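Novice: Sending over start_30.pdb (PDB, C-alpha atoms).
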```pdb
MODEL        1
ATOM      1  CA  MET A 156     200.510  18.658  70.723
ATOM      2  CA  LEU A 157     197.535  21.018  70.910
ATOM      3  CA  THR A 158     194.222  19.302  71.688
ATOM      4  CA  LEU A 159     190.854  21.031  71.342
ATOM      5  CA  VAL A 160     188.050  19.802  73.596
ATOM      6  CA  THR A 161     184.385  20.694  73.123
ATOM      7  CA  GLY A 162     181.518  20.166  75.547
ATOM      8  CA  THR A 163     183.765  21.110  78.438
ATOM      9  CA  THR A 164     181.059  22.486  80.727
ATOM     10  CA  GLY A 165     178.988  19.280  80.693
ATOM     11  CA  GLN A 166     179.289  16.457  83.194
ATOM     12  CA  VAL A 167     181.875  14.529  81.140
ATOM     13  CA  GLY A 168     183.848  17.447  79.744
ATOM     14  CA  ARG A 169     184.379  19.290  83.004
ATOM     15  CA  ARG A 170     185.924  16.164  84.520
ATOM     16  CA  PHE A 171     187.879  15.125  81.433
ATOM     17  CA  VAL A 172     189.730  18.399  80.801
ATOM     18  CA  PRO A 173     191.648  18.485  84.132
ATOM     19  CA  ARG A 174     192.775  14.914  83.524
ATOM     20  CA  LEU A 175     193.846  15.752  79.983
ATOM     21  CA  LEU A 176     195.816  18.748  81.266
ATOM     22  CA  ALA A 177     197.506  16.646  83.942
ATOM     23  CA  GLN A 178     198.422  13.983  81.390
ATOM     24  CA  ALA A 179     199.629  16.472  78.768
ATOM     25  CA  GLY A 180     202.448  17.814  80.920
ATOM     26  CA  PRO A 181     204.467  20.955  80.142
ATOM     27  CA  GLU A 182     204.850  20.133  76.443
ATOM     28  CA  GLY A 183     201.157  19.601  75.761
ATOM     29  CA  ARG A 184     198.567  22.305  75.195
ATOM     30  CA  VAL A 185     194.830  22.068  75.711
ATOM     31  CA  ARG A 186     192.237  24.404  74.223
ATOM     32  CA  VAL A 187     188.578  24.461  75.237
ATOM     33  CA  LEU A 188     185.581  25.869  73.402
ATOM     34  CA  VAL A 189     182.966  27.433  75.702
ATOM     35  CA  ARG A 190     179.889  29.526  74.987
ATOM     36  CA  ASP A 191     180.304  31.652  78.122
ATOM     37  CA  ALA A 192     183.724  33.136  78.883
ATOM     38  CA  ALA A 193     183.015  33.060  82.618
ATOM     39  CA  ARG A 194     182.566  29.284  82.489
ATOM     40  CA  GLY A 195     185.994  28.971  80.895
ATOM     41  CA  GLU A 196     187.816  30.707  83.745
ATOM     42  CA  ARG A 197     188.260  27.476  85.717
ATOM     43  CA  PHE A 198     189.976  25.839  82.757
ATOM     44  CA  ALA A 199     192.162  28.894  82.153
ATOM     45  CA  GLU A 200     193.331  28.709  85.758
ATOM     46  CA  LEU A 201     194.339  25.091  85.150
ATOM     47  CA  GLY A 202     196.374  26.107  82.110
ATOM     48  CA  ALA A 203     193.996  25.646  79.180
ATOM     49  CA  GLU A 204     193.531  28.071  76.324
ATOM     50  CA  VAL A 205     189.938  29.296  76.116
ATOM     51  CA  VAL A 206     188.030  30.086  72.927
ATOM     52  CA  THR A 207     184.589  31.605  73.355
ATOM     53  CA  GLY A 208     181.901  30.683  70.859
ATOM     54  CA  ASP A 209     179.092  28.334  69.964
ATOM     55  CA  LEU A 210     179.761  24.895  68.490
ATOM     56  CA  ARG A 211     177.123  25.701  65.851
ATOM     57  CA  ASP A 212     178.932  28.866  64.713
ATOM     58  CA  ALA A 213     181.270  28.278  61.753
ATOM     59  CA  GLU A 214     183.464  31.272  62.629
ATOM     60  CA  ALA A 215     183.916  30.013  66.186
ATOM     61  CA  LEU A 216     184.790  26.541  64.901
ATOM     62  CA  GLY A 217     187.456  28.008  62.663
ATOM     63  CA  ARG A 218     189.070  29.819  65.584
ATOM     64  CA  ALA A 219     188.822  26.761  67.791
ATOM     65  CA  VAL A 220     190.519  24.300  65.419
ATOM     66  CA  ALA A 221     193.204  26.680  64.119
ATOM     67  CA  GLY A 222     196.594  25.132  64.814
ATOM     68  CA  ALA A 223     195.146  22.140  66.662
ATOM     69  CA  ASP A 224     196.661  18.684  66.274
ATOM     70  CA  ALA A 225     193.704  16.782  67.727
ATOM     71  CA  VAL A 226     190.059  17.259  68.658
ATOM     72  CA  VAL A 227     188.017  15.513  71.351
ATOM     73  CA  ASN A 228     184.343  16.221  70.701
ATOM     74  CA  VAL A 229     182.577  15.648  74.014
ATOM     75  CA  ALA A 230     179.654  17.971  73.227
ATOM     76  CA  ALA A 231     176.197  16.395  73.409
ATOM     77  CA  ALA A 232     172.572  17.456  73.736
ATOM     78  CA  PHE A 233     170.207  14.964  75.356
ATOM     79  CA  ARG A 234     167.982  14.271  78.343
ATOM     80  CA  GLY A 235     165.082  16.660  78.017
ATOM     81  CA  VAL A 236     166.159  18.798  75.049
ATOM     82  CA  PRO A 237     163.936  19.079  71.958
ATOM     83  CA  ASP A 238     164.770  16.652  69.156
ATOM     84  CA  GLU A 239     165.706  19.585  66.906
ATOM     85  CA  GLU A 240     168.414  20.650  69.331
ATOM     86  CA  GLY A 241     169.645  17.089  69.637
ATOM     87  CA  TRP A 242     170.105  16.812  65.872
ATOM     88  CA  ALA A 243     171.664  20.285  65.663
ATOM     89  CA  VAL A 244     174.324  19.532  68.290
ATOM     90  CA  ASN A 245     174.878  15.789  68.082
ATOM     91  CA  ARG A 246     174.935  15.466  64.305
ATOM     92  CA  ASP A 247     175.121  18.816  62.517
ATOM     93  CA  ALA A 248     177.628  20.528  64.803
ATOM     94  CA  ALA A 249     179.749  17.379  65.126
ATOM     95  CA  VAL A 250     179.948  16.983  61.352
ATOM     96  CA  GLU A 251     180.779  20.662  60.850
ATOM     97  CA  LEU A 252     183.476  20.373  63.514
ATOM     98  CA  GLY A 253     184.899  17.405  61.623
ATOM     99  CA  ARG A 254     184.951  19.377  58.373
ATOM    100  CA  ALA A 255     186.600  22.349  60.083
ATOM    101  CA  ALA A 256     189.184  20.040  61.644
ATOM    102  CA  LEU A 257     189.939  18.421  58.293
ATOM    103  CA  ALA A 258     190.323  21.806  56.606
ATOM    104  CA  SER A 259     192.647  22.980  59.367
ATOM    105  CA  GLY A 260     194.924  19.936  59.168
ATOM    106  CA  VAL A 261     193.922  18.308  62.451
ATOM    107  CA  ARG A 262     195.500  14.874  62.660
ATOM    108  CA  ARG A 263     193.164  13.059  65.056
ATOM    109  CA  PHE A 264     189.474  13.393  65.892
ATOM    110  CA  VAL A 265     187.957  11.580  68.876
ATOM    111  CA  GLN A 266     184.164  11.493  68.738
ATOM    112  CA  VAL A 267     182.406  10.772  72.028
ATOM    113  CA  SER A 268     179.318   8.690  71.365
ATOM    114  CA  THR A 269     177.013   6.353  73.275
ATOM    115  CA  GLY A 270     176.322   2.648  73.586
ATOM    116  CA  LEU A 271     172.700   3.505  72.848
ATOM    117  CA  VAL A 272     173.569   3.644  69.132
ATOM    118  CA  TYR A 273     173.308  -0.164  69.014
ATOM    119  CA  GLY A 274     169.594  -0.110  69.757
ATOM    120  CA  LEU A 275     168.112  -3.451  70.735
ATOM    121  CA  GLY A 276     170.249  -6.157  72.312
ATOM    122  CA  ARG A 277     171.559  -9.182  70.423
ATOM    123  CA  GLY A 278     171.230 -11.778  73.180
ATOM    124  CA  ARG A 279     174.837 -11.155  74.321
ATOM    125  CA  PRO A 280     177.044  -8.178  75.160
ATOM    126  CA  LEU A 281     177.195  -5.818  72.187
ATOM    127  CA  THR A 282     180.449  -5.497  70.269
ATOM    128  CA  GLU A 283     181.773  -2.804  67.966
ATOM    129  CA  GLU A 284     181.179  -5.134  65.028
ATOM    130  CA  ASP A 285     177.423  -5.027  65.631
ATOM    131  CA  GLU A 286     175.370  -2.850  63.309
ATOM    132  CA  ILE A 287     174.309   0.458  64.818
ATOM    133  CA  ARG A 288     170.541   0.738  64.584
ATOM    134  CA  PRO A 289     169.402   3.079  67.340
ATOM    135  CA  GLY A 290     165.789   3.257  68.345
ATOM    136  CA  GLY A 291     163.511   3.716  71.329
ATOM    137  CA  GLY A 292     162.285   6.794  73.090
ATOM    138  CA  MET A 293     164.476   6.878  76.192
ATOM    139  CA  TRP A 294     166.279  10.089  75.211
ATOM    140  CA  GLY A 295     164.525  11.280  72.091
ATOM    141  CA  ALA A 296     166.804  11.837  69.114
ATOM    142  CA  TYR A 297     170.009  11.395  71.116
ATOM    143  CA  ALA A 298     170.979   7.880  70.054
ATOM    144  CA  GLU A 299     169.983   8.251  66.413
ATOM    145  CA  SER A 300     171.716  11.624  65.976
ATOM    146  CA  LYS A 301     174.898  10.257  67.560
ATOM    147  CA  GLY A 302     174.791   7.237  65.280
ATOM    148  CA  VAL A 303     174.436   9.355  62.146
ATOM    149  CA  ALA A 304     177.286  11.606  63.304
ATOM    150  CA  GLU A 305     179.532   8.561  63.659
ATOM    151  CA  ARG A 306     178.789   7.433  60.107
ATOM    152  CA  GLU A 307     179.319  10.877  58.586
ATOM    153  CA  LEU A 308     182.565  11.485  60.453
ATOM    154  CA  PHE A 309     183.975   8.072  59.523
ATOM    155  CA  ALA A 310     183.178   8.871  55.894
ATOM    156  CA  MET A 311     185.422  11.979  55.859
ATOM    157  CA  GLU A 312     188.414  11.007  53.774
ATOM    158  CA  GLY A 313     191.667  12.204  55.273
ATOM    159  CA  LEU A 314     190.388  12.643  58.851
ATOM    160  CA  ASP A 315     191.645  10.141  61.445
ATOM    161  CA  VAL A 316     188.425   9.496  63.373
ATOM    162  CA  ARG A 317     188.149   7.221  66.392
ATOM    163  CA  VAL A 318     184.887   6.829  68.375
ATOM    164  CA  GLY A 319     184.324   6.099  72.066
ATOM    165  CA  ARG A 320     180.869   4.706  72.899
ATOM    166  CA  LEU A 321     180.123   5.395  76.543
ATOM    167  CA  ALA A 322     177.940   3.433  78.902
ATOM    168  CA  PHE A 323     175.874   5.285  81.562
ATOM    169  CA  VAL A 324     178.318   7.710  83.169
ATOM    170  CA  TYR A 325     178.452   8.372  86.930
ATOM    171  CA  GLY A 326     180.750   9.391  89.785
ATOM    172  CA  GLU A 327     182.504  12.327  91.426
ATOM    173  CA  GLY A 328     179.294  14.090  92.387
ATOM    174  CA  ASP A 329     177.614  13.646  89.006
ATOM    175  CA  PRO A 330     173.832  13.472  89.598
ATOM    176  CA  HIS A 331     173.383  10.780  86.925
ATOM    177  CA  LEU A 332     173.304   7.941  89.465
ATOM    178  CA  ALA A 333     170.322   9.505  91.233
ATOM    179  CA  GLN A 334     168.715  10.423  87.919
ATOM    180  CA  SER A 335     168.813   6.777  86.849
ATOM    181  CA  LEU A 336     165.701   6.232  88.961
ATOM    182  CA  MET A 337     163.753   8.283  86.422
ATOM    183  CA  TRP A 338     163.867   5.130  84.278
ATOM    184  CA  ALA A 339     164.694   2.330  86.708
ATOM    185  CA  GLY A 340     161.491   2.956  88.638
ATOM    186  CA  SER A 341     159.508   1.600  85.694
ATOM    187  CA  TRP A 342     161.801  -1.348  84.931
ATOM    188  CA  ALA A 343     161.724  -4.987  85.915
ATOM    189  CA  ALA A 344     163.670  -5.801  89.070
ATOM    190  CA  ASN A 345     166.456  -7.583  87.177
ATOM    191  CA  GLN A 346     166.709  -5.113  84.277
ATOM    192  CA  ARG A 347     170.315  -3.931  84.037
ATOM    193  CA  LEU A 348     172.121  -0.693  83.238
ATOM    194  CA  GLN A 349     175.716  -0.679  81.960
ATOM    195  CA  MET A 350     177.822   1.834  83.907
ATOM    196  CA  VAL A 351     181.169   3.629  83.606
ATOM    197  CA  HIS A 352     182.884   5.960  86.077
ATOM    198  CA  HIS A 353     184.171   9.367  84.983
ATOM    199  CA  ALA A 354     187.732   8.273  85.750
ATOM    200  CA  ASP A 355     187.344   5.402  83.301
ATOM    201  CA  VAL A 356     185.679   7.602  80.679
ATOM    202  CA  ALA A 357     188.762   9.814  80.836
ATOM    203  CA  GLN A 358     191.086   6.814  80.763
ATOM    204  CA  GLY A 359     189.329   5.414  77.720
ATOM    205  CA  LEU A 360     189.244   8.699  75.819
ATOM    206  CA  LEU A 361     192.916   9.368  76.517
ATOM    207  CA  ARG A 362     193.792   5.936  75.162
ATOM    208  CA  LEU A 363     191.759   6.663  72.019
ATOM    209  CA  LEU A 364     193.428  10.055  71.658
ATOM    210  CA  HIS A 365     197.006   8.810  71.834
ATOM    211  CA  ALA A 366     196.907   5.334  70.298
ATOM    212  CA  PRO A 367     198.538   5.066  66.858
ATOM    213  CA  GLY A 368     196.979   3.218  63.969
ATOM    214  CA  ILE A 369     193.328   3.077  65.047
ATOM    215  CA  ALA A 370     191.747   5.406  62.499
ATOM    216  CA  GLY A 371     188.201   4.347  61.700
ATOM    217  CA  ARG A 372     187.822   2.263  64.869
ATOM    218  CA  SER A 373     185.135   2.477  67.530
ATOM    219  CA  TYR A 374     185.488   1.338  71.143
ATOM    220  CA  ASN A 375     183.012   0.598  73.916
ATOM    221  CA  ILE A 376     183.958   2.216  77.235
ATOM    222  CA  ALA A 377     182.267   0.630  80.258
ATOM    223  CA  ASP A 378     182.873  -1.096  83.574
ATOM    224  CA  ASP A 379     182.513  -4.792  84.368
ATOM    225  CA  ALA A 380     179.310  -4.898  86.417
ATOM    226  CA  PRO A 381     175.966  -3.611  85.076
ATOM    227  CA  LEU A 382     173.522  -2.731  87.858
ATOM    228  CA  THR A 383     169.978  -4.035  88.212
ATOM    229  CA  ALA A 384     167.021  -1.765  88.872
ATOM    230  CA  VAL A 385     166.934  -3.089  92.430
ATOM    231  CA  GLU A 386     170.587  -2.167  92.975
ATOM    232  CA  LEU A 387     170.052   1.325  91.548
ATOM    233  CA  HIS A 388     167.318   1.934  94.111
ATOM    234  CA  GLN A 389     169.414   0.509  96.942
ATOM    235  CA  LEU A 390     172.490   2.562  96.046
ATOM    236  CA  ASN A 391     170.347   5.693  96.048
ATOM    237  CA  GLY A 392     168.816   4.807  99.414
ATOM    238  CA  VAL A 393     165.329   4.505  97.936
ATOM    239  CA  ASP A 394     162.810   1.767  98.732
ATOM    240  CA  VAL A 395     162.391  -0.710  95.899
ATOM    241  CA  PRO A 396     158.855  -0.416  94.482
ATOM    242  CA  ALA A 397     157.021  -3.722  94.828
ATOM    243  CA  GLU A 398     155.819  -3.549  91.236
ATOM    244  CA  LEU A 399     159.391  -3.987  89.944
ATOM    245  CA  HIS A 400     159.129  -7.648  90.917
ATOM    246  CA  THR A 401     155.989  -8.142  88.845
ATOM    247  CA  ARG A 402     157.559  -6.977  85.575
ATOM    248  CA  THR A 403     159.601  -8.830  82.958
ATOM    249  CA  ASP A 404     162.713  -7.407  81.328
ATOM    250  CA  PRO A 405     161.823  -7.111  77.610
ATOM    251  CA  ASP A 406     165.449  -7.032  76.384
ATOM    252  CA  PRO A 407     168.008  -8.434  78.877
ATOM    253  CA  PHE A 408     170.984  -7.318  76.761
ATOM    254  CA  PHE A 409     169.809  -3.793  75.891
ATOM    255  CA  GLN A 410     172.847  -1.450  76.000
ATOM    256  CA  LEU A 411     175.083  -4.077  77.620
ATOM    257  CA  THR A 412     178.427  -3.723  75.854
ATOM    258  CA  SER A 413     181.599  -5.757  75.614
ATOM    259  CA  THR A 414     184.923  -4.068  76.405
ATOM    260  CA  ASP A 415     187.020  -6.836  74.875
ATOM    261  CA  ARG A 416     188.282  -4.642  72.013
ATOM    262  CA  ILE A 417     189.464  -1.688  74.099
ATOM    263  CA  ARG A 418     191.082  -4.076  76.574
ATOM    264  CA  ARG A 419     192.837  -6.075  73.888
ATOM    265  CA  GLU A 420     193.899  -3.246  71.583
ATOM    266  CA  LEU A 421     194.424  -0.296  73.949
ATOM    267  CA  GLY A 422     195.169  -1.879  77.326
ATOM    268  CA  TYR A 423     192.081  -0.472  79.050
ATOM    269  CA  ARG A 424     191.228  -1.827  82.512
ATOM    270  CA  PRO A 425     188.533  -0.100  84.598
ATOM    271  CA  LEU A 426     189.898   1.737  87.604
ATOM    272  CA  TYR A 427     186.447   1.196  89.085
ATOM    273  CA  PRO A 428     185.195  -2.159  87.776
ATOM    274  CA  SER A 429     181.896  -1.649  89.600
ATOM    275  CA  VAL A 430     179.885   1.071  91.291
ATOM    276  CA  TYR A 431     180.567  -0.737  94.558
ATOM    277  CA  ALA A 432     184.312  -0.335  94.040
ATOM    278  CA  ALA A 433     183.791   3.385  93.432
ATOM    279  CA  ARG A 434     181.661   3.661  96.566
ATOM    280  CA  GLU A 435     184.346   1.964  98.680
ATOM    281  CA  ALA A 436     186.890   4.445  97.278
ATOM    282  CA  GLY A 437     184.665   7.418  98.081
ATOM    283  CA  ALA A 438     184.420   8.250  94.385
ATOM    284  CA  LEU A 439     180.645   8.424  93.939
TER     285      LEU A 439
ENDMDL
END
```
Here is the file; what I need is its structure written in the form of structure tokens.

Specialist:
Amino acid sequence: MLTLVTGTTGQVGRRFVPRLLAQAGPEGRVRVLVRDAARGERFAELGAEVVTGDLRDAEALGRAVAGADAVVNVAAAFRGVPDEEGWAVNRDAAVELGRAALASGVRRFVQVSTGLVYGLGRGRPLTEEDEIRPGGGMWGAYAESKGVAERELFAMEGLDVRVGRLAFVYGEGDPHLAQSLMWAGSWAANQRLQMVHHADVAQGLLRLLHAPGIAGRSYNIADDAPLTAVELHQLNGVDVPAELHTRTDPDPFFQLTSTDRIRRELGYRPLYPSVYAAREAGAL
């Protein structure tokens, strides 16, 4: 089995590829698409094939998917990029990658998405059956462009698409946990953020990649213990601003997702059910 992975130099991709290589064993092959050949050297040393090119270049996509059995599209543009770039990468490039994969005979396509596609909460943990209706200005066009990409990929007849919707990713030196204070500093004290460790992102994506009979399915990938704004400050060793305790959480279930489906159908269990478990293991 030859698996192509995109977005391999980002926080998720760079941690996912080594795990995919370790899981693939001697019979499996992994190919990565990188814009800069130098940034692909680490993956080549681990045993991956490296294709140099831009995700938005049709010729590069053709070379990347040639002979592949599966694709894992980790690529994403968010957090500070212009909306135009977000749409170009998260929707346009993802859809073109899907078309290239279909034309090349790729059997499976795993699209990495976000729990933000649900938009507002529903008064309970969000499930995959809930309508995706992204909105809000937290990360510009990120959520909406990811949601549209999901719909367009699922609509491609003949392509076995499965989607993983990630919670807020952290761990293994990723600066995201510290960066959470960019938003948590303006939240109510009890406002919560759904988390997932990189090890569990990889576990979830590998289960999506290899499971038979789940074409057209989406799965939430998260841990068991969302963190409050107070906890995010405490974990980062930062004093809790007094004004947090004067605010009210406007949407207590915003981005809080249920993992019942991935547990029931794919056997997923978080290796790190909470950030505290990851901290005790030295995995932050």

Novice: With the file shown as input, list the residues that the PyMOL selection byres ((chain A and resi 340) around 8) selects, as a list of chain:residue names.

Specialist: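 With the shown file as input, the PyMOL selection byres ((chain A and resi 340) around 8) matches A:Leu336, A:Met337, A:Trp338, A:Ala339, A:Ser341, A:Trp342, A:Ala384, A:Pro396, A:Leu399.
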
Novice: Quick one, how far is atom CA of Arg347 of chain A from atom CA of Thr403 of chain A?

Specialist: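 Spanning atom CA of Arg347 of chain A to atom CA of Thr403 of chain A is a straight-line distance of 11.8 Å.
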
Novice: Please evaluate the PyMOL selection byres ((chain A and resi 173-189) around 10) against the structure above and give the resulting residues as JSON, numbers by chain.

Specialist: {"A": [156, 157, 158, 159, 160, 161, 162, 163, 164, 168, 169, 170, 171, 172, 190, 191, 192, 193, 194, 195, 196, 197, 198, 199, 201, 202, 203, 204, 205, 206, 207, 208, 209, 210, 215, 216, 218, 219, 220, 223, 224, 225, 226, 227, 230, 354, 357, 358, 360, 361]}

Novice: Could you list the residues chosen by the PyMOL selection byres ((chain A and resi 328) around 12) in this structure as a list of chain:residue names?

Specialist: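 Expected selection for the PyMOL selection byres ((chain A and resi 328) around 12) here is A:Gln166, A:Val167, A:Arg169, A:Arg170, A:Val324, A:Tyr325, A:Gly326, A:Glu327, A:Asp329, A:Pro330, A:His331, A:Leu332, A:Ala333, A:His352, A:His353, A:Ala433, A:Arg434, A:Gly437, A:Ala438, A:Leu439.
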
Novice: Go ahead and compute the interatomic distance for atom CA of Leu390 of chain A and atom CA of Ala432 of chain A, in Å to one decimal.

Specialist: 12.3 Å
